[in-house]
Amino acid sequence: MPLISIPWLEHDTPFPPVEMALSNGLVAAGGDLSISRLLTAYEHGLFPWYNQGEPILWWSPDPRTVLSCDQFKQSSSFAKLCRQIARAEFSPTPTFRITTNVAFLQVIQLCAQTRQHKEGTWISPDIIHAYYNLHLIQHAHSIEVWQGNTLVGGLYGVQLGRFFYGESMFSLVSNASKIALYYLTRYLMAEHHIHYIDCQQDTPHLLSLGARTIARTDFTQLLKKLTSADTTAWGQGQLCAQGKLHPLAAH
């Protein structure tokens, strides 16, 4: 069987076209996790995914899984839970409190820890450091779900122009990551005019929430249209069910 080679990236090597990807979506190896490299990768529909101690691998799967924010599917029980959360969201003792950019490092670390316990994780210390750097320049963001003062769920991802790239979620209690994703969709539409979330690869869970697969060519065309827009500022505070951001209340 002939050996299959992929392009190796040095520090200043540009990414090859995503059309050169192998059948599994692998495009290239090597390079670094610098801010400029990561933002260029996302602009072209690439993301890093590799095991610690191995070379960085860059992927662009075909098809690609995307969630339209206005197509988020709610079961009747989850819709009832969301209504309960909304009714109590500004009470002294809310069912859950949902925030954004309050605990980015905690979220990404818990995403790593919970995955490590289940099936292993690609969220290495290098990945955590790289995405925290993106967070510091307002390109990476987190959604947090709290019970009292305990962080019980959340997600993080990257914003570029009018597109959001979901990276990972975690739950320590039932429905917590789903709540985070639901509130993310509301916030993206209400405050940032963002209507699409990249989910990278399909899973039964994401598909059950309304995500769908599209051809890589359609995905890259979508990116060309949406990532060229200005990246809007993303605040810190409490999210309400209508998708609006409010100042953090004292707790």
# chains A, B, ... in the order shown; residues from 1 in each chain; ligands from 1
call {"tool": "closest_atom_pairs", "arguments": {"of": "region 37-129 of chain A", "to": "region 170-191 of chain A", "cutoff": "10 Å", "atoms": "only C-alpha atoms", "output": "Markdown table"}}
result
| residue | atom | partner | partner_atom | distance |
| --- | --- | --- | --- | --- |
| A:Leu67 | CA | A:Thr185 | CA | 9.1 |
| A:Ser68 | CA | A:Thr185 | CA | 8.3 |
| A:Cys69 | CA | A:Thr185 | CA | 4.9 |
| A:Asp70 | CA | A:Thr185 | CA | 7.4 |
| A:Gln71 | CA | A:Thr185 | CA | 9.3 |
| A:Phe72 | CA | A:Tyr182 | CA | 7.1 |
| A:Lys73 | CA | A:Tyr182 | CA | 9.0 |
| A:Gln74 | CA | A:Tyr182 | CA | 8.9 |
| A:Phe78 | CA | A:Asn175 | CA | 8.1 |
| A:Leu81 | CA | A:Ile179 | CA | 9.2 |
| A:Cys82 | CA | A:Ile179 | CA | 7.7 |
| A:Ile85 | CA | A:Ile179 | CA | 9.6 |
| A:Phe96 | CA | A:Ala176 | CA | 8.9 |
| A:Ile98 | CA | A:Ala180 | CA | 7.2 |
| A:Thr99 | CA | A:Ala180 | CA | 8.9 |
| A:Thr100 | CA | A:Leu184 | CA | 8.9 |
| A:Val107 | CA | A:Phe170 | CA | 7.9 |
| A:Ile108 | CA | A:Phe170 | CA | 8.9 |
| A:Gln109 | CA | A:Phe170 | CA | 9.9 |
| A:Leu110 | CA | A:Phe170 | CA | 6.8 |
| A:Cys111 | CA | A:Phe170 | CA | 5.2 |
| A:Ala112 | CA | A:Phe170 | CA | 8.6 |
| A:Gln113 | CA | A:Phe170 | CA | 9.1 |
| A:Thr114 | CA | A:Phe170 | CA | 6.7 |
| A:Arg115 | CA | A:Phe170 | CA | 8.0 |
call {"tool": "write_last_selection", "arguments": {"atoms": "C-alpha atoms", "output": "PDB file, in the first residue's frame"}}
result
ATOM      1  CA  LEU A  67     -25.907  24.602  13.637  1.00  0.00           C
ATOM      2  CA  SER A  68     -28.161  27.429  12.504  1.00  0.00           C
ATOM      3  CA  CYS A  69     -28.932  29.388  15.656  1.00  0.00           C
ATOM      4  CA  ASP A  70     -32.624  29.736  14.792  1.00  0.00           C
ATOM      5  CA  GLN A  71     -32.899  25.967  14.211  1.00  0.00           C
ATOM      6  CA  PHE A  72     -31.959  24.876  17.744  1.00  0.00           C
ATOM      7  CA  LYS A  73     -34.312  22.022  18.653  1.00  0.00           C
ATOM      8  CA  GLN A  74     -35.907  21.863  22.081  1.00  0.00           C
ATOM      9  CA  PHE A  78     -36.075  21.067  27.828  1.00  0.00           C
ATOM     10  CA  LEU A  81     -36.761  23.845  31.860  1.00  0.00           C
ATOM     11  CA  CYS A  82     -35.726  26.921  29.844  1.00  0.00           C
ATOM     12  CA  ILE A  85     -34.788  29.320  34.134  1.00  0.00           C
ATOM     13  CA  PHE A  96     -29.396  28.294  36.895  1.00  0.00           C
ATOM     14  CA  ILE A  98     -25.896  31.778  32.718  1.00  0.00           C
ATOM     15  CA  THR A  99     -22.940  34.082  32.119  1.00  0.00           C
ATOM     16  CA  THR A 100     -20.380  34.777  29.429  1.00  0.00           C
ATOM     17  CA  VAL A 107     -14.471  26.322  31.309  1.00  0.00           C
ATOM     18  CA  ILE A 108     -11.682  25.160  29.023  1.00  0.00           C
ATOM     19  CA  GLN A 109      -9.972  23.305  31.872  1.00  0.00           C
ATOM     20  CA  LEU A 110     -13.217  21.525  32.794  1.00  0.00           C
ATOM     21  CA  CYS A 111     -13.804  20.658  29.133  1.00  0.00           C
ATOM     22  CA  ALA A 112     -10.375  19.013  29.186  1.00  0.00           C
ATOM     23  CA  GLN A 113     -10.906  17.237  32.511  1.00  0.00           C
ATOM     24  CA  THR A 114     -14.348  15.827  31.754  1.00  0.00           C
ATOM     25  CA  ARG A 115     -13.256  14.528  28.354  1.00  0.00           C
TER      26      ARG A 115
END
call {"tool": "residues_around", "arguments": {"residues": "His11 (chain A)", "least_positions_apart": "2", "cutoff": "7 Å", "atoms": "only C-alpha atoms", "output": "list of chain:residue names"}}
result
A:Leu9, A:Thr13, A:Gly31, A:Asp32
call {"tool": "closest_atom_pairs", "arguments": {"of": "region 165-248 of chain A", "to": "region 34-58 of chain A", "cutoff": "12 Å", "atoms": "only C-alpha atoms", "output": "CSV"}}
result
residue,atom,partner,partner_atom,distance
A:Tyr165,CA,A:Tyr42,CA,8.0
A:Gly166,CA,A:Phe47,CA,10.6
A:Glu167,CA,A:Phe47,CA,9.2
A:Ser168,CA,A:Trp49,CA,11.7
A:Asp198,CA,A:Gly45,CA,9.3
A:Cys199,CA,A:Phe47,CA,11.1
A:Gln200,CA,A:Phe47,CA,8.4
A:Gln201,CA,A:Phe47,CA,11.2
A:Ala215,CA,A:Gly45,CA,11.9
A:Arg216,CA,A:Gly45,CA,8.6
A:Thr217,CA,A:Gly45,CA,10.1
A:Asp218,CA,A:Gly45,CA,10.9
A:Phe219,CA,A:Gly45,CA,7.6
A:Thr220,CA,A:Gly45,CA,6.2
A:Gln221,CA,A:His44,CA,9.6
A:Leu222,CA,A:Gly45,CA,9.8
A:Leu223,CA,A:Glu43,CA,6.7
A:Lys224,CA,A:Glu43,CA,7.7
A:Lys225,CA,A:Glu43,CA,10.5
A:Leu226,CA,A:Glu43,CA,9.5
A:Thr227,CA,A:Glu43,CA,6.4
A:Ser228,CA,A:Glu43,CA,8.6
A:Ala229,CA,A:Glu43,CA,11.3
A:Thr231,CA,A:Leu39,CA,11.8
call {"tool": "write_last_selection", "arguments": {"atoms": "N, CA and C atoms", "output": "mmCIF file, in the first residue's frame"}}
result
data_model
loop_
_atom_site.group_PDB
_atom_site.id
_atom_site.type_symbol
_atom_site.label_atom_id
_atom_site.label_comp_id
_atom_site.auth_asym_id
_atom_site.auth_seq_id
_atom_site.Cartn_x
_atom_site.Cartn_y
_atom_site.Cartn_z
ATOM 1 N N TYR A 165 -17.258 29.514 15.997
ATOM 2 C CA TYR A 165 -16.745 28.155 15.887
ATOM 3 C C TYR A 165 -16.781 27.495 17.270
ATOM 4 N N GLY A 166 -17.679 26.561 17.449
ATOM 5 C CA GLY A 166 -17.744 25.863 18.721
ATOM 6 C C GLY A 166 -16.590 24.905 18.880
ATOM 7 N N GLU A 167 -15.982 24.871 20.049
ATOM 8 C CA GLU A 167 -14.835 24.007 20.288
ATOM 9 C C GLU A 167 -15.162 22.831 21.207
ATOM 10 N N SER A 168 -15.695 23.096 22.385
ATOM 11 C CA SER A 168 -15.976 21.995 23.304
ATOM 12 C C SER A 168 -16.990 22.441 24.353
ATOM 13 N N ASP A 198 -20.197 26.661 13.916
ATOM 14 C CA ASP A 198 -19.488 25.499 13.393
ATOM 15 C C ASP A 198 -19.385 24.447 14.493
ATOM 16 N N CYS A 199 -19.862 23.258 14.221
ATOM 17 C CA CYS A 199 -19.782 22.150 15.184
ATOM 18 C C CYS A 199 -18.705 21.141 14.795
ATOM 19 N N GLN A 200 -17.972 21.425 13.721
ATOM 20 C CA GLN A 200 -16.857 20.621 13.241
ATOM 21 C C GLN A 200 -17.309 19.263 12.721
ATOM 22 N N GLN A 201 -17.611 18.319 13.597
ATOM 23 C CA GLN A 201 -18.001 16.992 13.157
ATOM 24 C C GLN A 201 -19.344 16.610 13.768
ATOM 25 N N ALA A 215 -21.794 20.384 2.672
ATOM 26 C CA ALA A 215 -20.565 20.121 1.937
ATOM 27 C C ALA A 215 -19.484 21.136 2.315
ATOM 28 N N ARG A 216 -18.241 20.681 2.302
ATOM 29 C CA ARG A 216 -17.142 21.582 2.650
ATOM 30 C C ARG A 216 -17.114 22.792 1.720
ATOM 31 N N THR A 217 -17.416 22.619 0.441
ATOM 32 C CA THR A 217 -17.431 23.760 -0.482
ATOM 33 C C THR A 217 -18.464 24.800 -0.054
ATOM 34 N N ASP A 218 -19.622 24.348 0.407
ATOM 35 C CA ASP A 218 -20.642 25.286 0.887
ATOM 36 C C ASP A 218 -20.187 25.969 2.170
ATOM 37 N N PHE A 219 -19.508 25.206 3.027
ATOM 38 C CA PHE A 219 -19.011 25.762 4.288
ATOM 39 C C PHE A 219 -17.981 26.855 4.029
ATOM 40 N N THR A 220 -17.026 26.607 3.136
ATOM 41 C CA THR A 220 -15.983 27.605 2.876
ATOM 42 C C THR A 220 -16.567 28.844 2.203
ATOM 43 N N GLN A 221 -17.592 28.667 1.369
ATOM 44 C CA GLN A 221 -18.254 29.831 0.774
ATOM 45 C C GLN A 221 -18.949 30.662 1.844
ATOM 46 N N LEU A 222 -19.545 29.979 2.816
ATOM 47 C CA LEU A 222 -20.191 30.666 3.934
ATOM 48 C C LEU A 222 -19.161 31.475 4.715
ATOM 49 N N LEU A 223 -17.994 30.887 4.933
ATOM 50 C CA LEU A 223 -16.942 31.589 5.664
ATOM 51 C C LEU A 223 -16.471 32.835 4.914
ATOM 52 N N LYS A 224 -16.281 32.715 3.606
ATOM 53 C CA LYS A 224 -15.825 33.866 2.824
ATOM 54 C C LYS A 224 -16.786 35.040 2.981
ATOM 55 N N LYS A 225 -18.056 34.732 3.046
ATOM 56 C CA LYS A 225 -19.068 35.773 3.166
ATOM 57 C C LYS A 225 -19.116 36.380 4.560
ATOM 58 N N LEU A 226 -18.961 35.544 5.598
ATOM 59 C CA LEU A 226 -19.242 35.992 6.963
ATOM 60 C C LEU A 226 -18.007 36.386 7.762
ATOM 61 N N THR A 227 -16.853 35.784 7.509
ATOM 62 C CA THR A 227 -15.673 36.120 8.313
ATOM 63 C C THR A 227 -15.032 37.435 7.880
ATOM 64 N N SER A 228 -15.429 37.949 6.728
ATOM 65 C CA SER A 228 -14.874 39.233 6.284
ATOM 66 C C SER A 228 -15.501 40.411 7.020
ATOM 67 N N ALA A 229 -16.606 40.175 7.716
ATOM 68 C CA ALA A 229 -17.239 41.239 8.498
ATOM 69 C C ALA A 229 -16.390 41.556 9.729
ATOM 70 N N THR A 231 -15.323 41.812 13.495
ATOM 71 C CA THR A 231 -15.586 40.991 14.673
ATOM 72 C C THR A 231 -16.075 41.910 15.787
#
call {"tool": "closest_residue", "arguments": {"among": "A:Pro16, A:Gly154, A:Gly30, A:Gly210", "to": "Phe104 (chain A)", "atoms": "only C-alpha atoms"}}
result
A:Gly154
call {"tool": "select_by_dssp", "arguments": {"residues": "region 8-234 of chain A", "states": "alpha helix (DSSP H)", "output": "count of residues only"}}
result
81
call {"tool": "select_by_dssp", "arguments": {"residues": "region 105-181 of chain A", "states": "strand (DSSP E)", "output": "list in words"}}
result
Ala140, His141, Ser142, Ile143, Glu144, Val145, Trp146, Gln147, Thr150, Leu151, Val152, Gly153, Gly154, Leu155, Tyr156, Gly157, Val158, Gln159, Leu160, Phe163, Phe164, Tyr165, Gly166, Glu167, Ser168, Met169, Phe170 and Ser171 of chain A
call {"tool": "write_last_selection", "arguments": {"atoms": "C-alpha atoms", "output": "short mmCIF file (atom, residue, chain, number, x, y, z; two decimals), in the first residue's frame"}}
result
data_model
loop_
_atom_site.label_atom_id
_atom_site.label_comp_id
_atom_site.auth_asym_id
_atom_site.auth_seq_id
_atom_site.Cartn_x
_atom_site.Cartn_y
_atom_site.Cartn_z
CA ALA A 140 -12.30 33.24 22.06
CA HIS A 141 -15.26 33.25 24.44
CA SER A 142 -17.00 31.11 27.02
CA ILE A 143 -20.53 30.52 28.20
CA GLU A 144 -20.90 29.43 31.84
CA VAL A 145 -23.80 27.73 33.63
CA TRP A 146 -23.87 28.10 37.41
CA GLN A 147 -25.81 26.52 40.25
CA THR A 150 -20.65 26.32 41.37
CA LEU A 151 -19.77 26.11 37.68
CA VAL A 152 -21.72 23.08 36.42
CA GLY A 153 -21.55 23.44 32.64
CA GLY A 154 -20.30 25.52 29.79
CA LEU A 155 -18.68 25.78 26.41
CA TYR A 156 -16.02 27.79 24.61
CA GLY A 157 -15.32 28.73 21.02
CA VAL A 158 -13.95 31.30 18.61
CA GLN A 159 -15.63 34.28 16.96
CA LEU A 160 -14.39 35.55 13.63
CA PHE A 163 -19.28 33.34 12.50
CA PHE A 164 -18.82 31.33 15.69
CA TYR A 165 -16.75 28.16 15.89
CA GLY A 166 -17.74 25.86 18.72
CA GLU A 167 -14.83 24.01 20.29
CA SER A 168 -15.98 21.99 23.30
CA MET A 169 -18.69 21.69 25.96
CA PHE A 170 -18.94 20.08 29.38
CA SER A 171 -21.69 19.17 31.86
#
call {"tool": "decode", "arguments": {"residues": "region 170-246 of chain A", "atoms": "C-alpha atoms", "output": "PDB file, in the first residue's frame"}}
result
ATOM      1  CA  PHE A 170     -18.945  20.082  29.380  1.00  0.00           C
ATOM      2  CA  SER A 171     -21.686  19.165  31.860  1.00  0.00           C
ATOM      3  CA  LEU A 172     -21.435  18.286  35.524  1.00  0.00           C
ATOM      4  CA  VAL A 173     -25.229  18.138  35.919  1.00  0.00           C
ATOM      5  CA  SER A 174     -27.964  17.105  33.512  1.00  0.00           C
ATOM      6  CA  ASN A 175     -28.661  19.527  30.631  1.00  0.00           C
ATOM      7  CA  ALA A 176     -25.967  22.039  31.625  1.00  0.00           C
ATOM      8  CA  SER A 177     -24.070  22.006  28.321  1.00  0.00           C
ATOM      9  CA  LYS A 178     -27.347  22.069  26.388  1.00  0.00           C
ATOM     10  CA  ILE A 179     -28.401  25.152  28.366  1.00  0.00           C
ATOM     11  CA  ALA A 180     -25.068  26.801  27.528  1.00  0.00           C
ATOM     12  CA  LEU A 181     -25.529  26.076  23.820  1.00  0.00           C
ATOM     13  CA  TYR A 182     -29.119  27.318  23.824  1.00  0.00           C
ATOM     14  CA  TYR A 183     -28.150  30.599  25.500  1.00  0.00           C
ATOM     15  CA  LEU A 184     -25.232  30.951  23.090  1.00  0.00           C
ATOM     16  CA  THR A 185     -27.605  30.775  20.111  1.00  0.00           C
ATOM     17  CA  ARG A 186     -29.828  33.470  21.639  1.00  0.00           C
ATOM     18  CA  TYR A 187     -26.894  35.753  22.430  1.00  0.00           C
ATOM     19  CA  LEU A 188     -25.257  35.347  19.017  1.00  0.00           C
ATOM     20  CA  MET A 189     -28.444  36.322  17.197  1.00  0.00           C
ATOM     21  CA  ALA A 190     -29.554  39.108  19.532  1.00  0.00           C
ATOM     22  CA  GLU A 191     -26.244  40.884  20.093  1.00  0.00           C
ATOM     23  CA  HIS A 192     -23.913  39.892  17.244  1.00  0.00           C
ATOM     24  CA  HIS A 193     -26.126  39.074  14.250  1.00  0.00           C
ATOM     25  CA  ILE A 194     -24.385  35.704  14.042  1.00  0.00           C
ATOM     26  CA  HIS A 195     -26.578  32.900  12.730  1.00  0.00           C
ATOM     27  CA  TYR A 196     -24.197  29.954  12.353  1.00  0.00           C
ATOM     28  CA  ILE A 197     -22.127  27.852  14.740  1.00  0.00           C
ATOM     29  CA  ASP A 198     -19.488  25.499  13.393  1.00  0.00           C
ATOM     30  CA  CYS A 199     -19.782  22.150  15.184  1.00  0.00           C
ATOM     31  CA  GLN A 200     -16.857  20.621  13.241  1.00  0.00           C
ATOM     32  CA  GLN A 201     -18.001  16.992  13.157  1.00  0.00           C
ATOM     33  CA  ASP A 202     -21.406  15.402  13.515  1.00  0.00           C
ATOM     34  CA  THR A 203     -22.447  13.558  16.649  1.00  0.00           C
ATOM     35  CA  PRO A 204     -25.895  12.137  17.441  1.00  0.00           C
ATOM     36  CA  HIS A 205     -26.195  14.661  20.273  1.00  0.00           C
ATOM     37  CA  LEU A 206     -25.526  17.698  18.055  1.00  0.00           C
ATOM     38  CA  LEU A 207     -27.755  16.402  15.280  1.00  0.00           C
ATOM     39  CA  SER A 208     -30.565  15.925  17.808  1.00  0.00           C
ATOM     40  CA  LEU A 209     -30.237  19.625  18.695  1.00  0.00           C
ATOM     41  CA  GLY A 210     -30.711  20.752  15.107  1.00  0.00           C
ATOM     42  CA  ALA A 211     -27.201  20.681  13.652  1.00  0.00           C
ATOM     43  CA  ARG A 212     -26.878  19.525  10.045  1.00  0.00           C
ATOM     44  CA  THR A 213     -24.087  18.563   7.697  1.00  0.00           C
ATOM     45  CA  ILE A 214     -23.167  20.620   4.646  1.00  0.00           C
ATOM     46  CA  ALA A 215     -20.565  20.121   1.937  1.00  0.00           C
ATOM     47  CA  ARG A 216     -17.142  21.582   2.650  1.00  0.00           C
ATOM     48  CA  THR A 217     -17.431  23.760  -0.482  1.00  0.00           C
ATOM     49  CA  ASP A 218     -20.642  25.286   0.887  1.00  0.00           C
ATOM     50  CA  PHE A 219     -19.011  25.762   4.288  1.00  0.00           C
ATOM     51  CA  THR A 220     -15.983  27.605   2.876  1.00  0.00           C
ATOM     52  CA  GLN A 221     -18.254  29.831   0.774  1.00  0.00           C
ATOM     53  CA  LEU A 222     -20.191  30.666   3.934  1.00  0.00           C
ATOM     54  CA  LEU A 223     -16.942  31.589   5.664  1.00  0.00           C
ATOM     55  CA  LYS A 224     -15.825  33.866   2.824  1.00  0.00           C
ATOM     56  CA  LYS A 225     -19.068  35.773   3.166  1.00  0.00           C
ATOM     57  CA  LEU A 226     -19.242  35.992   6.963  1.00  0.00           C
ATOM     58  CA  THR A 227     -15.673  36.120   8.313  1.00  0.00           C
ATOM     59  CA  SER A 228     -14.874  39.233   6.284  1.00  0.00           C
ATOM     60  CA  ALA A 229     -17.239  41.239   8.498  1.00  0.00           C
ATOM     61  CA  ASP A 230     -15.905  43.091  11.525  1.00  0.00           C
ATOM     62  CA  THR A 231     -15.586  40.991  14.673  1.00  0.00           C
ATOM     63  CA  THR A 232     -17.917  42.652  17.170  1.00  0.00           C
ATOM     64  CA  ALA A 233     -16.930  43.235  20.781  1.00  0.00           C
ATOM     65  CA  TRP A 234     -18.109  40.564  23.196  1.00  0.00           C
ATOM     66  CA  GLY A 235     -18.794  41.661  26.730  1.00  0.00           C
ATOM     67  CA  GLN A 236     -18.810  39.992  30.109  1.00  0.00           C
ATOM     68  CA  GLY A 237     -21.938  39.542  32.178  1.00  0.00           C
ATOM     69  CA  GLN A 238     -25.136  37.593  32.732  1.00  0.00           C
ATOM     70  CA  LEU A 239     -27.189  36.336  29.798  1.00  0.00           C
ATOM     71  CA  CYS A 240     -30.959  36.382  29.793  1.00  0.00           C
ATOM     72  CA  ALA A 241     -33.315  34.180  27.806  1.00  0.00           C
ATOM     73  CA  GLN A 242     -33.856  36.897  25.179  1.00  0.00           C
ATOM     74  CA  GLY A 243     -30.153  36.812  24.408  1.00  0.00           C
ATOM     75  CA  LYS A 244     -29.322  40.164  25.978  1.00  0.00           C
ATOM     76  CA  LEU A 245     -26.263  40.776  28.134  1.00  0.00           C
ATOM     77  CA  HIS A 246     -26.702  42.304  31.593  1.00  0.00           C
TER      78      HIS A 246
END
